[in-house]
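Have a look at structure-v3.cif below; it lists mmCIF, C-alpha atoms.
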```
data_start
loop_
_atom_site.label_atom_id
_atom_site.label_comp_id
_atom_site.auth_asym_id
_atom_site.auth_seq_id
_atom_site.Cartn_x
_atom_site.Cartn_y
_atom_site.Cartn_z
CA MET A 1 -64.30 -85.32 -36.30
CA SER A 2 -64.99 -82.94 -39.17
CA GLN A 3 -63.46 -79.77 -37.78
CA GLY A 4 -60.58 -78.60 -35.62
CA GLN A 5 -56.88 -77.95 -35.96
CA VAL A 6 -54.14 -80.56 -36.09
CA VAL A 7 -50.68 -79.58 -34.84
CA LEU A 8 -47.43 -81.19 -36.00
CA HIS A 9 -44.72 -81.60 -33.35
CA ARG A 10 -41.01 -82.34 -33.59
CA VAL A 11 -38.92 -83.68 -30.71
CA ALA A 12 -35.12 -83.75 -31.06
CA PRO A 13 -32.11 -83.51 -28.72
CA ASP A 14 -31.41 -79.90 -29.69
CA SER A 15 -34.98 -78.51 -29.83
CA SER A 16 -38.62 -79.49 -29.51
CA GLY A 17 -41.94 -77.86 -30.26
CA GLU A 18 -44.73 -77.22 -32.74
CA ILE A 19 -43.56 -76.82 -36.33
CA ASP A 20 -46.82 -76.68 -38.34
CA SER A 21 -50.62 -76.80 -38.10
CA VAL A 22 -53.52 -77.42 -40.51
CA ARG A 23 -57.30 -77.39 -40.40
CA VAL A 24 -59.18 -80.67 -40.51
CA GLU A 25 -61.05 -81.30 -43.76
CA PRO A 26 -64.82 -81.99 -43.65
CA ASP A 27 -64.13 -85.68 -44.16
CA GLY A 28 -61.80 -85.71 -41.14
CA SER A 29 -58.57 -85.90 -43.14
CA PHE A 30 -55.47 -83.72 -42.86
CA ARG A 31 -52.09 -83.57 -44.56
CA PHE A 32 -48.61 -82.40 -43.51
CA ARG A 33 -45.35 -82.04 -45.40
CA LEU A 34 -42.44 -82.97 -43.15
CA PRO A 35 -39.29 -80.82 -43.33
CA HIS A 36 -37.32 -83.99 -44.23
CA LEU A 37 -37.67 -87.74 -44.12
CA PRO A 38 -37.52 -89.11 -40.58
CA ASP A 39 -34.29 -90.89 -39.74
CA HIS A 40 -34.36 -91.90 -36.10
CA GLY A 41 -31.01 -93.68 -36.35
CA GLY A 42 -29.20 -90.68 -37.82
CA ARG A 43 -31.09 -87.67 -36.45
CA SER A 44 -32.52 -89.00 -33.15
CA GLU A 45 -35.80 -87.17 -33.62
CA ILE A 46 -39.49 -87.99 -33.84
CA PHE A 47 -42.57 -86.36 -35.37
CA PHE A 48 -46.13 -86.68 -34.12
CA ALA A 49 -49.43 -84.82 -34.48
CA SER A 50 -52.06 -83.78 -31.94
CA VAL A 51 -55.62 -82.50 -32.02
CA ARG A 52 -57.90 -81.02 -29.40
CA TYR A 53 -61.41 -82.47 -29.36
CA ARG A 54 -64.09 -81.39 -26.91
CA GLY A 55 -61.54 -79.77 -24.66
CA LEU A 56 -59.19 -82.78 -24.48
CA LEU A 57 -55.88 -83.21 -26.29
CA TYR A 58 -55.27 -86.42 -28.27
CA PHE A 59 -51.94 -87.53 -29.75
CA GLY A 60 -51.12 -89.70 -32.72
CA PRO A 61 -48.31 -92.27 -32.86
CA ALA A 62 -44.68 -91.22 -33.17
CA ILE A 63 -43.12 -91.19 -36.65
CA THR A 64 -39.48 -92.27 -36.62
CA GLU A 65 -38.93 -94.15 -39.90
CA PRO A 66 -39.79 -93.38 -43.57
CA ILE A 67 -41.70 -96.65 -43.95
CA GLN A 68 -44.34 -95.33 -41.54
CA LEU A 69 -45.29 -92.64 -44.09
CA ASP A 70 -46.72 -95.37 -46.36
CA SER A 71 -49.58 -95.96 -43.89
CA LEU A 72 -52.54 -93.81 -42.98
CA TYR A 73 -51.79 -91.70 -39.90
CA VAL A 74 -54.70 -91.84 -37.46
CA ILE A 75 -55.38 -89.77 -34.34
CA GLN A 76 -58.11 -91.49 -32.35
CA ALA A 77 -60.44 -89.10 -30.52
CA TYR A 78 -63.51 -89.90 -28.40
CA ASP A 79 -66.54 -88.29 -26.91
CA THR A 80 -66.26 -87.66 -23.17
CA LEU A 81 -67.94 -88.91 -20.02
CA SER A 82 -67.54 -87.19 -16.66
CA VAL A 83 -66.75 -89.35 -13.64
CA PRO A 84 -68.42 -89.10 -10.21
CA PRO A 85 -66.59 -87.45 -7.30
CA GLY A 86 -63.64 -89.61 -6.27
CA GLY A 87 -63.25 -91.09 -9.74
CA ALA A 88 -64.49 -94.07 -11.72
CA GLU A 89 -64.10 -97.75 -10.82
CA LEU A 90 -62.07 -99.65 -13.39
CA PRO A 91 -60.99 -103.31 -13.52
CA LEU A 92 -57.37 -104.38 -13.87
CA SER A 93 -56.28 -106.58 -16.75
CA ALA A 94 -53.05 -107.30 -14.93
CA ARG A 95 -50.91 -106.12 -12.05
CA ASN A 96 -47.24 -106.99 -11.61
CA VAL A 97 -45.42 -105.97 -8.44
CA PHE A 98 -41.63 -106.44 -8.62
CA LEU A 99 -40.02 -106.61 -5.17
CA GLU A 100 -36.36 -106.29 -4.28
CA LYS A 101 -35.31 -106.86 -0.68
CA GLU A 102 -33.52 -103.97 0.98
CA GLU A 103 -30.43 -104.62 3.09
CA GLU A 104 -32.30 -103.75 6.25
CA GLU A 105 -36.01 -104.27 6.75
CA GLY A 106 -38.37 -103.57 3.89
CA TRP A 107 -38.69 -103.74 0.10
CA THR A 108 -38.26 -101.61 -2.98
CA ALA A 109 -41.35 -102.05 -5.19
CA THR A 110 -42.02 -101.42 -8.87
CA ASP A 111 -45.77 -101.56 -9.38
CA VAL A 112 -47.07 -102.03 -12.95
CA VAL A 113 -50.84 -101.63 -13.19
CA GLU A 114 -52.72 -102.32 -16.43
CA VAL A 115 -56.14 -100.68 -16.33
CA ARG A 116 -58.97 -101.71 -18.67
CA GLN A 117 -61.31 -98.92 -19.74
CA THR A 118 -64.11 -100.79 -21.50
CA GLY A 119 -66.29 -97.82 -22.41
CA ASP A 120 -66.42 -95.96 -25.72
CA ARG A 121 -65.83 -92.47 -24.27
CA THR A 122 -62.92 -90.77 -22.55
CA LEU A 123 -63.34 -90.48 -18.80
CA TYR A 124 -62.53 -87.08 -17.30
CA SER A 125 -63.22 -84.99 -14.24
CA PRO A 126 -65.01 -81.70 -15.05
CA ARG A 127 -63.37 -80.02 -12.05
CA ASN A 128 -59.84 -81.31 -12.74
CA GLY A 129 -60.25 -83.78 -9.92
CA VAL A 130 -59.57 -87.50 -9.59
CA VAL A 131 -60.47 -89.58 -12.65
CA TRP A 132 -59.39 -92.92 -11.15
CA SER A 133 -57.59 -93.96 -7.99
CA TYR A 134 -56.16 -97.15 -6.55
CA PRO A 135 -54.90 -98.08 -3.08
CA LEU A 136 -51.25 -98.94 -2.46
CA PRO A 137 -49.72 -100.50 0.66
CA ALA A 138 -50.57 -98.23 3.57
CA SER A 139 -46.93 -97.97 4.65
CA ALA A 140 -45.58 -97.16 1.16
CA ARG A 141 -43.46 -94.03 0.77
CA ASP A 142 -40.99 -92.26 -1.59
CA PHE A 143 -43.28 -92.50 -4.63
CA GLN A 144 -41.94 -92.06 -8.17
CA VAL A 145 -43.73 -92.26 -11.51
CA GLY A 146 -42.00 -94.48 -14.08
CA GLN A 147 -42.10 -94.60 -17.87
CA SER A 148 -45.68 -95.48 -18.78
CA ASP A 149 -48.96 -93.93 -19.91
CA LEU A 150 -48.84 -91.74 -16.82
CA ALA A 151 -47.19 -88.30 -16.84
CA PRO A 152 -45.66 -87.27 -13.48
CA GLU A 153 -47.82 -84.15 -13.28
CA SER A 154 -51.02 -86.15 -13.83
CA VAL A 155 -50.79 -88.24 -10.66
CA ARG A 156 -50.59 -87.65 -6.96
CA PHE A 157 -50.26 -89.91 -3.93
CA GLN A 158 -52.66 -89.08 -1.15
CA ASP A 159 -54.35 -90.98 1.67
CA GLY A 160 -52.58 -94.20 0.69
CA ARG A 161 -53.84 -94.08 -2.89
CA MET A 162 -52.45 -93.39 -6.33
CA GLN A 163 -54.78 -90.74 -7.79
CA VAL A 164 -54.84 -90.24 -11.56
CA LEU A 165 -55.91 -86.74 -12.61
CA ALA A 166 -55.52 -87.10 -16.40
CA PRO A 167 -58.37 -88.21 -18.69
CA ILE A 168 -58.46 -91.94 -19.47
CA PRO A 169 -59.52 -92.88 -23.02
CA PRO A 170 -60.95 -96.32 -23.92
CA GLY A 171 -58.61 -99.29 -24.07
CA GLU A 172 -55.72 -100.57 -22.00
CA ARG A 173 -53.57 -98.12 -20.05
CA VAL A 174 -50.34 -99.05 -18.24
CA PHE A 175 -49.38 -97.10 -15.11
CA LEU A 176 -45.99 -97.65 -13.48
CA VAL A 177 -44.99 -96.34 -10.07
CA ARG A 178 -42.11 -97.08 -7.72
CA TYR A 179 -42.10 -96.85 -3.94
CA ARG A 180 -40.53 -98.19 -0.77
CA ILE A 181 -42.21 -100.45 1.76
CA PRO A 182 -40.33 -100.00 5.07
CA SER A 183 -41.44 -103.31 6.66
CA ASP A 184 -40.99 -106.92 5.53
CA ASP A 185 -44.65 -107.71 6.16
CA PHE A 186 -47.30 -105.64 4.40
CA VAL A 187 -50.79 -105.76 2.93
CA LEU A 188 -51.41 -105.16 -0.77
CA PRO A 189 -55.08 -104.26 -1.34
CA LEU A 190 -56.82 -105.46 -4.50
CA PRO A 191 -60.27 -103.91 -4.71
CA GLY A 192 -62.55 -104.69 -7.61
CA ARG A 193 -61.71 -107.07 -10.44
CA THR A 194 -58.13 -108.20 -11.20
CA ASP A 195 -57.69 -110.66 -14.07
CA VAL A 196 -54.06 -111.57 -13.37
CA MET A 197 -51.98 -110.69 -10.30
CA GLU A 198 -48.27 -111.44 -10.00
CA VAL A 199 -45.67 -110.69 -7.34
CA LEU A 200 -42.08 -111.20 -8.50
CA VAL A 201 -39.26 -111.31 -5.94
CA ARG A 202 -35.80 -110.66 -7.27
CA GLU A 203 -33.22 -113.34 -6.54
CA PRO A 204 -31.34 -113.71 -4.31
CA GLY A 205 -34.10 -112.95 -1.86
CA PRO A 206 -35.71 -114.35 1.26
CA GLU A 207 -38.46 -116.92 1.16
CA ALA A 208 -41.81 -115.21 1.48
CA GLU A 209 -45.52 -115.90 1.21
CA PHE A 210 -48.14 -113.84 -0.62
CA PRO A 211 -51.51 -115.56 -0.09
CA PRO A 212 -53.77 -116.08 -1.96
CA LEU A 213 -51.03 -116.09 -4.62
CA VAL A 214 -49.29 -119.42 -5.25
CA ARG A 215 -45.70 -120.10 -6.19
CA GLY A 216 -45.10 -120.35 -9.93
CA GLN A 217 -42.11 -120.96 -12.13
CA SER A 218 -39.28 -118.45 -11.77
CA VAL A 219 -38.64 -116.15 -14.73
CA GLU A 220 -35.48 -114.53 -16.09
CA LEU A 221 -36.48 -111.18 -17.57
CA GLU A 222 -32.94 -110.26 -18.54
CA ALA A 223 -29.62 -112.06 -18.38
CA GLY A 224 -28.84 -112.43 -14.70
CA ASN A 225 -32.15 -110.93 -13.47
CA VAL A 226 -34.12 -113.87 -12.09
CA PHE A 227 -37.41 -113.37 -10.25
CA ARG A 228 -39.31 -115.82 -8.08
CA ARG A 229 -42.93 -115.66 -9.21
CA TYR A 230 -46.21 -115.82 -7.28
CA VAL A 231 -49.44 -115.66 -9.27
CA ALA A 232 -53.24 -115.82 -9.08
CA GLU A 233 -56.05 -115.17 -11.54
CA ASP A 234 -59.66 -113.96 -11.45
CA LEU A 235 -59.47 -112.10 -8.15
CA GLN A 236 -62.34 -110.03 -6.79
CA ASP A 237 -62.18 -107.65 -3.79
CA THR A 238 -59.28 -109.29 -2.00
CA GLU A 239 -55.92 -108.42 -0.49
CA ILE A 240 -52.45 -109.94 -0.44
CA ARG A 241 -50.78 -110.37 2.94
CA ALA A 242 -47.04 -110.51 2.36
CA SER A 243 -44.81 -112.03 5.02
CA LEU A 244 -41.38 -113.60 5.27
CA THR A 245 -41.20 -117.30 6.04
CA SER A 246 -39.57 -117.44 9.46
CA GLY A 247 -35.96 -118.59 9.26
CA SER A 248 -36.34 -119.90 5.72
CA TRP A 249 -33.69 -117.69 4.14
CA GLN A 250 -30.91 -118.91 6.44
CA PHE A 251 -31.99 -122.53 5.99
CA ARG A 252 -32.19 -122.22 2.23
CA GLY A 253 -28.85 -120.52 1.89
CA GLU A 254 -26.76 -122.57 4.33
CA TRP A 255 -28.34 -125.66 5.89
CA LEU A 256 -30.04 -126.84 2.73
CA ALA A 257 -26.72 -126.81 0.88
CA LEU A 258 -25.12 -128.92 3.64
CA LEU A 259 -28.04 -131.33 3.71
CA LEU A 260 -27.98 -131.73 -0.06
CA ALA A 261 -24.22 -132.33 -0.03
CA ALA A 262 -24.69 -135.07 2.60
CA LEU A 263 -27.47 -136.71 0.60
CA LEU A 264 -25.42 -136.63 -2.59
CA ALA A 265 -22.44 -138.13 -0.76
CA ALA A 266 -24.65 -140.93 0.58
CA ALA A 267 -25.97 -141.54 -2.92
CA GLY A 268 -22.41 -141.78 -4.22
CA VAL A 269 -21.46 -144.39 -1.59
CA LEU A 270 -24.62 -146.37 -2.33
CA ALA A 271 -23.96 -146.30 -6.07
CA TYR A 272 -20.37 -147.45 -5.49
CA ARG A 273 -21.53 -150.41 -3.40
CA ILE A 274 -24.05 -151.41 -6.04
CA ARG A 275 -21.36 -151.32 -8.71
CA GLN A 276 -19.06 -153.42 -6.51
CA ARG A 277 -21.75 -156.05 -6.03
CA GLY A 278 -22.55 -156.01 -9.72
CA ALA A 279 -18.91 -156.76 -10.62
CA THR A 280 -18.84 -160.05 -8.63
CA PRO A 281 -19.50 -163.14 -10.79
CA VAL A 282 -22.39 -165.36 -9.80
CA ALA A 283 -21.81 -169.11 -9.73
CA GLY A 284 -23.65 -171.22 -12.25
CA THR A 285 -23.41 -174.55 -14.04
CA GLU A 286 -20.29 -175.24 -15.97
CA GLY A 287 -20.37 -173.64 -19.37
CA ASP A 288 -22.73 -170.86 -18.29
CA GLU A 289 -21.48 -167.33 -18.74
CA ALA A 290 -20.88 -165.30 -15.60
CA ARG A 291 -23.96 -163.26 -14.76
CA THR A 292 -24.28 -160.07 -12.75
CA PRO A 293 -27.32 -159.28 -10.68
CA SER A 294 -29.68 -156.60 -11.98
CA ALA A 295 -29.76 -154.03 -9.19
CA SER A 296 -32.70 -151.70 -9.79
CA PRO A 297 -32.37 -148.31 -8.04
CA SER A 298 -34.82 -147.72 -5.23
CA ARG A 299 -37.32 -144.88 -5.09
CA ARG A 300 -35.00 -143.05 -2.69
CA ASP A 301 -32.11 -143.39 -5.14
CA LEU A 302 -34.22 -141.91 -7.92
CA ILE A 303 -35.29 -138.96 -5.75
CA LEU A 304 -31.64 -138.29 -4.89
CA ALA A 305 -30.81 -138.43 -8.59
CA VAL A 306 -33.44 -135.76 -9.29
CA ALA A 307 -32.02 -133.61 -6.49
CA ARG A 308 -28.50 -133.98 -7.89
CA LEU A 309 -29.71 -133.14 -11.40
CA ASP A 310 -31.52 -130.03 -10.16
CA GLU A 311 -28.49 -128.94 -8.16
CA GLU A 312 -26.14 -129.32 -11.12
CA PHE A 313 -28.46 -127.42 -13.45
CA SER A 314 -29.02 -124.60 -10.93
CA ARG A 315 -25.26 -123.94 -10.93
CA LYS A 316 -25.35 -123.00 -14.62
CA SER A 317 -25.75 -119.21 -14.68
CA HIS A 318 -26.70 -119.08 -18.37
CA PRO A 319 -27.63 -122.56 -19.63
CA SER A 320 -27.92 -123.02 -23.36
CA ARG A 321 -31.11 -124.23 -24.98
CA GLN A 322 -29.49 -127.64 -25.59
CA GLU A 323 -28.48 -127.94 -21.94
CA ARG A 324 -32.00 -126.99 -20.81
CA VAL A 325 -33.63 -129.55 -23.11
CA ARG A 326 -31.23 -132.25 -21.90
CA TYR A 327 -31.95 -131.37 -18.27
CA GLU A 328 -35.73 -131.37 -18.72
CA THR A 329 -35.63 -134.67 -20.63
CA GLN A 330 -33.54 -136.42 -17.98
CA ARG A 331 -35.71 -135.03 -15.20
CA GLU A 332 -38.93 -136.21 -16.84
CA LYS A 333 -37.50 -139.72 -17.24
CA LEU A 334 -36.47 -139.87 -13.57
CA LEU A 335 -39.87 -138.59 -12.41
CA ALA A 336 -41.61 -141.19 -14.57
CA ARG A 337 -39.53 -143.96 -12.95
CA ILE A 338 -40.34 -142.59 -9.50
CA GLN A 339 -44.04 -142.66 -10.32
CA ARG A 340 -43.83 -146.26 -11.54
CA SER A 341 -42.02 -147.30 -8.36
CA SER A 342 -44.71 -145.81 -6.08
#
```
Take the structure I supplied and represent it as structure tokens, if you would.
Amino acid sequence: MSQGQVVLHRVAPDSSGEIDSVRVEPDGSFRFRLPHLPDHGGRSEIFFASVRYRGLLYFGPAITEPIQLDSLYVIQAYDTLSVPPGGAELPLSARNVFLEKEEEEGWTATDVVEVRQTGDRTLYSPRNGVVWSYPLPASARDFQVGQSDLAPESVRFQDGRMQVLAPIPPGERVFLVRYRIPSDDFVLPLPGRTDVMEVLVREPGPEAEFPPLVRGQSVELEAGNVFRRYVAEDLQDTEIRASLTSGSWQFRGEWLALLLAALLAAAGVLAYRIRQRGATPVAGTEGDEARTPSASPSRRDLILAVARLDEEFSRKSHPSRQERVRYETQREKLLARIQRSS
């Protein structure tokens, strides 16, 4: 843009607001002199600039450190494109729904939606209406907007949908909302294109199913925060039907532990008997050395060994990298022996 006014903003704990403004040069450049060098560690403040272009306000990146002043400061502005009534249809690059089981029935959900706006113009509603909307579980309630590219005043929840009222420029935009789902079973609609869909259930939590998602490897996002992961890719106009696996939580938490303990005890007795047999000399011709029989473990023994290894490793709340490598190496060797014995 070759004309307009750029405004410099300062945000600090004690005060915030506009502190300067300049006109844009014909070549699109502008220049500000800051009141002092930014020092986010010492002053806890940020500087940023904004410009209004074709009725829409665009912001530049935050300046918090002196080293950022060595680079060209760019405010990206776009031409505009009005959306039809009800908003535009946009694909999702990714959607991650974090679920935490409530004490009674239901879930607490944190829904992270990454929208892909592939055009070269900013989408807006000329009548301050809906720019883009997306359905949430029909029973969802108690909506809150989290820290993301979505300001609380630019979204509303109506008719089971999250409705975005703010303009959406080109590129990736991340929207984060939180809500409650009062029932254990629910339907998560996924209209249009979704590149990657993940549901992550915080542990400890009940066993559940989320077809067409499949169980993946659990992830630890922070120390002590482990999530069971369900994932699918390249989805088109589908829905996820979430449901608890009947009775699986009680079995997993109580009966499975008892069953595993019994199996491990049986494996210990079997191993002891094998060692006892191996210690008995075998008769041979005079002068021959005493030989012990070579007792190869059965396929069942190897499977029990894998179960014992998994159980021991699962008890480590924060395994080191060395412990993890040792566990994975031993497990791969046991699995290879099981495959050869099949």
Would you be able to write out as a ChimeraX atom specification which residues have an atom within 9 Å of (-56.7, -114.4, 0.3) in the file's coordinates, counting all atoms listed in the file? /A:210-213,238-241
Selected residues written out, C-alpha atoms, as a PDB file, in the coordinates of the input:
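Saved to part-v8.pdb:
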```pdb
ATOM      1  CA  PHE A 210     -48.140-113.840  -0.620  1.00  0.00           C
ATOM      2  CA  PRO A 211     -51.510-115.560  -0.090  1.00  0.00           C
ATOM      3  CA  PRO A 212     -53.770-116.080  -1.960  1.00  0.00           C
ATOM      4  CA  LEU A 213     -51.030-116.090  -4.620  1.00  0.00           C
ATOM      5  CA  THR A 238     -59.280-109.290  -2.000  1.00  0.00           C
ATOM      6  CA  GLU A 239     -55.920-108.420  -0.490  1.00  0.00           C
ATOM      7  CA  ILE A 240     -52.450-109.940  -0.440  1.00  0.00           C
ATOM      8  CA  ARG A 241     -50.780-110.370   2.940  1.00  0.00           C
TER       9      ARG A 241
END
```
When distances are computed from all atoms listed in the file, which of A:Ile181, A:Val74, A:Met197, A:Met162 shows the smallest separation from Gly87 of chain A?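 Ranked by minimum distance to Gly87 of chain A, first place goes to A:Met162.
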Resolved residues for the PyMOL selection byres ((chain A and resi 91) around 7) as a list in words: Glu89, Leu90, Leu92, Ser93, Val115, Arg116, Gly192, Arg193 and Thr194 of chain A
Pick out the residues sitting within 7 Å of Gln144 of chain A, and hand them over as a list in words; count all atoms listed in the file, and ignore anything fewer than 4 positions along from it in its own chain. Val177, Arg178 and Tyr179 of chain A
Identify all residues satisfying the PyMOL selection byres ((chain A and resi 174) around 12) in the given file; provide them as a ChimeraX atom specification. /A:92-96,111-117,145-151,164,168,171-173,175-177
Contact residues around Leu244 of chain A with all atoms listed in the file at 8 Å, ignoring same-chain residues under 4 positions, as an MDAnalysis selection string: chainID A and resid 184:185 206:209
Hey, can you spit out that residue selection with C-alpha atoms as a PDB file, keeping the file's coordinate frame?
```pdb
ATOM      1  CA  ASP A 184     -40.990-106.920   5.530  1.00  0.00           C
ATOM      2  CA  ASP A 185     -44.650-107.710   6.160  1.00  0.00           C
ATOM      3  CA  PRO A 206     -35.710-114.350   1.260  1.00  0.00           C
ATOM      4  CA  GLU A 207     -38.460-116.920   1.160  1.00  0.00           C
ATOM      5  CA  ALA A 208     -41.810-115.210   1.480  1.00  0.00           C
ATOM      6  CA  GLU A 209     -45.520-115.900   1.210  1.00  0.00           C
TER       7      GLU A 209
END
```
Spell out the residues picked by the PyMOL selection byres ((chain A and resi 27-44) around 9) here, as a ChimeraX atom specification. /A:1-3,6,8,11-13,20-26,45-47,63-66
The distance between atom CA of Arg127 of chain A and atom CA of Pro189 of chain A is 27.8 Å
May I have the protein, DNA and RNA residues with an atom at most 10 Å from (-58.8, -80.6, -13.5), counting only C-alpha atoms in the file's coordinates, returned as a ChimeraX atom specification? /A:124-131,154,165-167
How big is the axis-aligned box, and where does its centre sit, when it encloses all atoms of segment 124-138 of chain A listed in the file and has 4 Å added on every side, reported in Å to one decimal as JSON?
```
{"center_x": -57.4, "center_y": -90.3, "center_z": -6.9, "size_x": 23.3, "size_y": 28.5, "size_z": 28.9}
```
Which residue of A:Val187, A:Val199, A:Ala232, A:Leu123 approaches Ala88 of chain A most closely, using only C-alpha atoms: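 Closest to Ala88 of chain A, using only C-alpha atoms: A:Leu123.
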My list of candidates is A:Gly55, A:Pro135, A:Gly216, A:Pro182. Which is closest to Asp159 of chain A when distances are computed with all atoms listed in the file? A:Pro135
So how far away is atom CA of Thr245 of chain A from atom CA of Gly160 of chain A, in Å?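 Distance between the two atoms: 26.3 Å.
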Best match for closeness to Leu235 of chain A among A:Ala109, A:Val97, A:Leu190, A:Ala138, counting only C-alpha atoms: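 Distance minimum relative to Leu235 of chain A lands on A:Leu190.
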What is the atom CA of Glu222 of chain A to atom CA of Ser183 of chain A distance in Å? 27.5 Å
Determine, counting all atoms listed in the file, which protein, DNA and RNA residues have an atom within 9 Å of an atom of Pro204 of chain A; residues of the same chain fewer than 6 positions away are not included. Present the result as a list in words. Glu100, Lys101, Val226 and Phe227 of chain A
Residues within 10 Å of Asp79 of chain A, please, as a tab-separated table (two decimals) with C-alpha atoms, keeping the file's coordinate frame. Count only C-alpha atoms; anything in the same chain fewer than 6 positions from it doesn't count.
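Final output, saved to selection13.tsv:
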```
chain	number	residue	atom	x	y	z
A	53	TYR	CA	-61.41	-82.47	-29.36
A	54	ARG	CA	-64.09	-81.39	-26.91
A	56	LEU	CA	-59.19	-82.78	-24.48
A	120	ASP	CA	-66.42	-95.96	-25.72
A	121	ARG	CA	-65.83	-92.47	-24.27
A	122	THR	CA	-62.92	-90.77	-22.55
A	123	LEU	CA	-63.34	-90.48	-18.80
A	169	PRO	CA	-59.52	-92.88	-23.02
```
Output of segment 102-143 of chain A limited to C-alpha atoms, as a PDB file, in the first residue's frame:
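Resulting contents of part-v5.pdb:
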```pdb
ATOM      1  CA  GLU A 102     -15.515 -35.433  34.473  1.00  0.00           C
ATOM      2  CA  GLU A 103     -16.199 -37.159  37.787  1.00  0.00           C
ATOM      3  CA  GLU A 104     -19.801 -37.739  36.848  1.00  0.00           C
ATOM      4  CA  GLU A 105     -21.037 -38.224  33.302  1.00  0.00           C
ATOM      5  CA  GLY A 106     -19.526 -36.152  30.535  1.00  0.00           C
ATOM      6  CA  TRP A 107     -16.291 -34.537  29.359  1.00  0.00           C
ATOM      7  CA  THR A 108     -14.434 -31.248  29.470  1.00  0.00           C
ATOM      8  CA  ALA A 109     -13.204 -30.449  25.946  1.00  0.00           C
ATOM      9  CA  THR A 110     -10.494 -28.150  24.601  1.00  0.00           C
ATOM     10  CA  ASP A 111     -11.031 -27.838  20.864  1.00  0.00           C
ATOM     11  CA  VAL A 112      -8.123 -26.534  18.745  1.00  0.00           C
ATOM     12  CA  VAL A 113      -9.131 -25.856  15.145  1.00  0.00           C
ATOM     13  CA  GLU A 114      -6.564 -24.871  12.510  1.00  0.00           C
ATOM     14  CA  VAL A 115      -8.296 -23.266   9.537  1.00  0.00           C
ATOM     15  CA  ARG A 116      -6.627 -22.940   6.127  1.00  0.00           C
ATOM     16  CA  GLN A 117      -7.557 -19.847   4.132  1.00  0.00           C
ATOM     17  CA  THR A 118      -6.006 -20.532   0.732  1.00  0.00           C
ATOM     18  CA  GLY A 119      -7.109 -17.356  -1.040  1.00  0.00           C
ATOM     19  CA  ASP A 120      -5.100 -14.185  -1.573  1.00  0.00           C
ATOM     20  CA  ARG A 121      -7.677 -11.793  -0.070  1.00  0.00           C
ATOM     21  CA  THR A 122      -9.088 -11.240   3.396  1.00  0.00           C
ATOM     22  CA  LEU A 123     -12.556 -12.692   3.876  1.00  0.00           C
ATOM     23  CA  TYR A 124     -15.082 -10.420   5.576  1.00  0.00           C
ATOM     24  CA  SER A 125     -18.806  -9.939   5.958  1.00  0.00           C
ATOM     25  CA  PRO A 126     -20.008  -6.553   4.642  1.00  0.00           C
ATOM     26  CA  ARG A 127     -22.859  -6.538   7.170  1.00  0.00           C
ATOM     27  CA  ASN A 128     -20.740  -7.559  10.175  1.00  0.00           C
ATOM     28  CA  GLY A 129     -22.211 -11.030   9.977  1.00  0.00           C
ATOM     29  CA  VAL A 130     -20.714 -14.514  10.046  1.00  0.00           C
ATOM     30  CA  VAL A 131     -17.436 -14.896   8.146  1.00  0.00           C
ATOM     31  CA  TRP A 132     -16.986 -18.598   8.918  1.00  0.00           C
ATOM     32  CA  SER A 133     -18.764 -21.079  11.163  1.00  0.00           C
ATOM     33  CA  TYR A 134     -18.230 -24.645  12.291  1.00  0.00           C
ATOM     34  CA  PRO A 135     -20.468 -27.146  14.107  1.00  0.00           C
ATOM     35  CA  LEU A 136     -19.620 -28.396  17.589  1.00  0.00           C
ATOM     36  CA  PRO A 137     -21.210 -31.303  19.477  1.00  0.00           C
ATOM     37  CA  ALA A 138     -24.926 -30.585  19.695  1.00  0.00           C
ATOM     38  CA  SER A 139     -24.952 -31.062  23.471  1.00  0.00           C
ATOM     39  CA  ALA A 140     -21.930 -28.802  24.138  1.00  0.00           C
ATOM     40  CA  ARG A 141     -22.353 -25.974  26.638  1.00  0.00           C
ATOM     41  CA  ASP A 142     -20.410 -23.464  28.794  1.00  0.00           C
ATOM     42  CA  PHE A 143     -18.321 -22.139  25.893  1.00  0.00           C
TER      43      PHE A 143
END
```
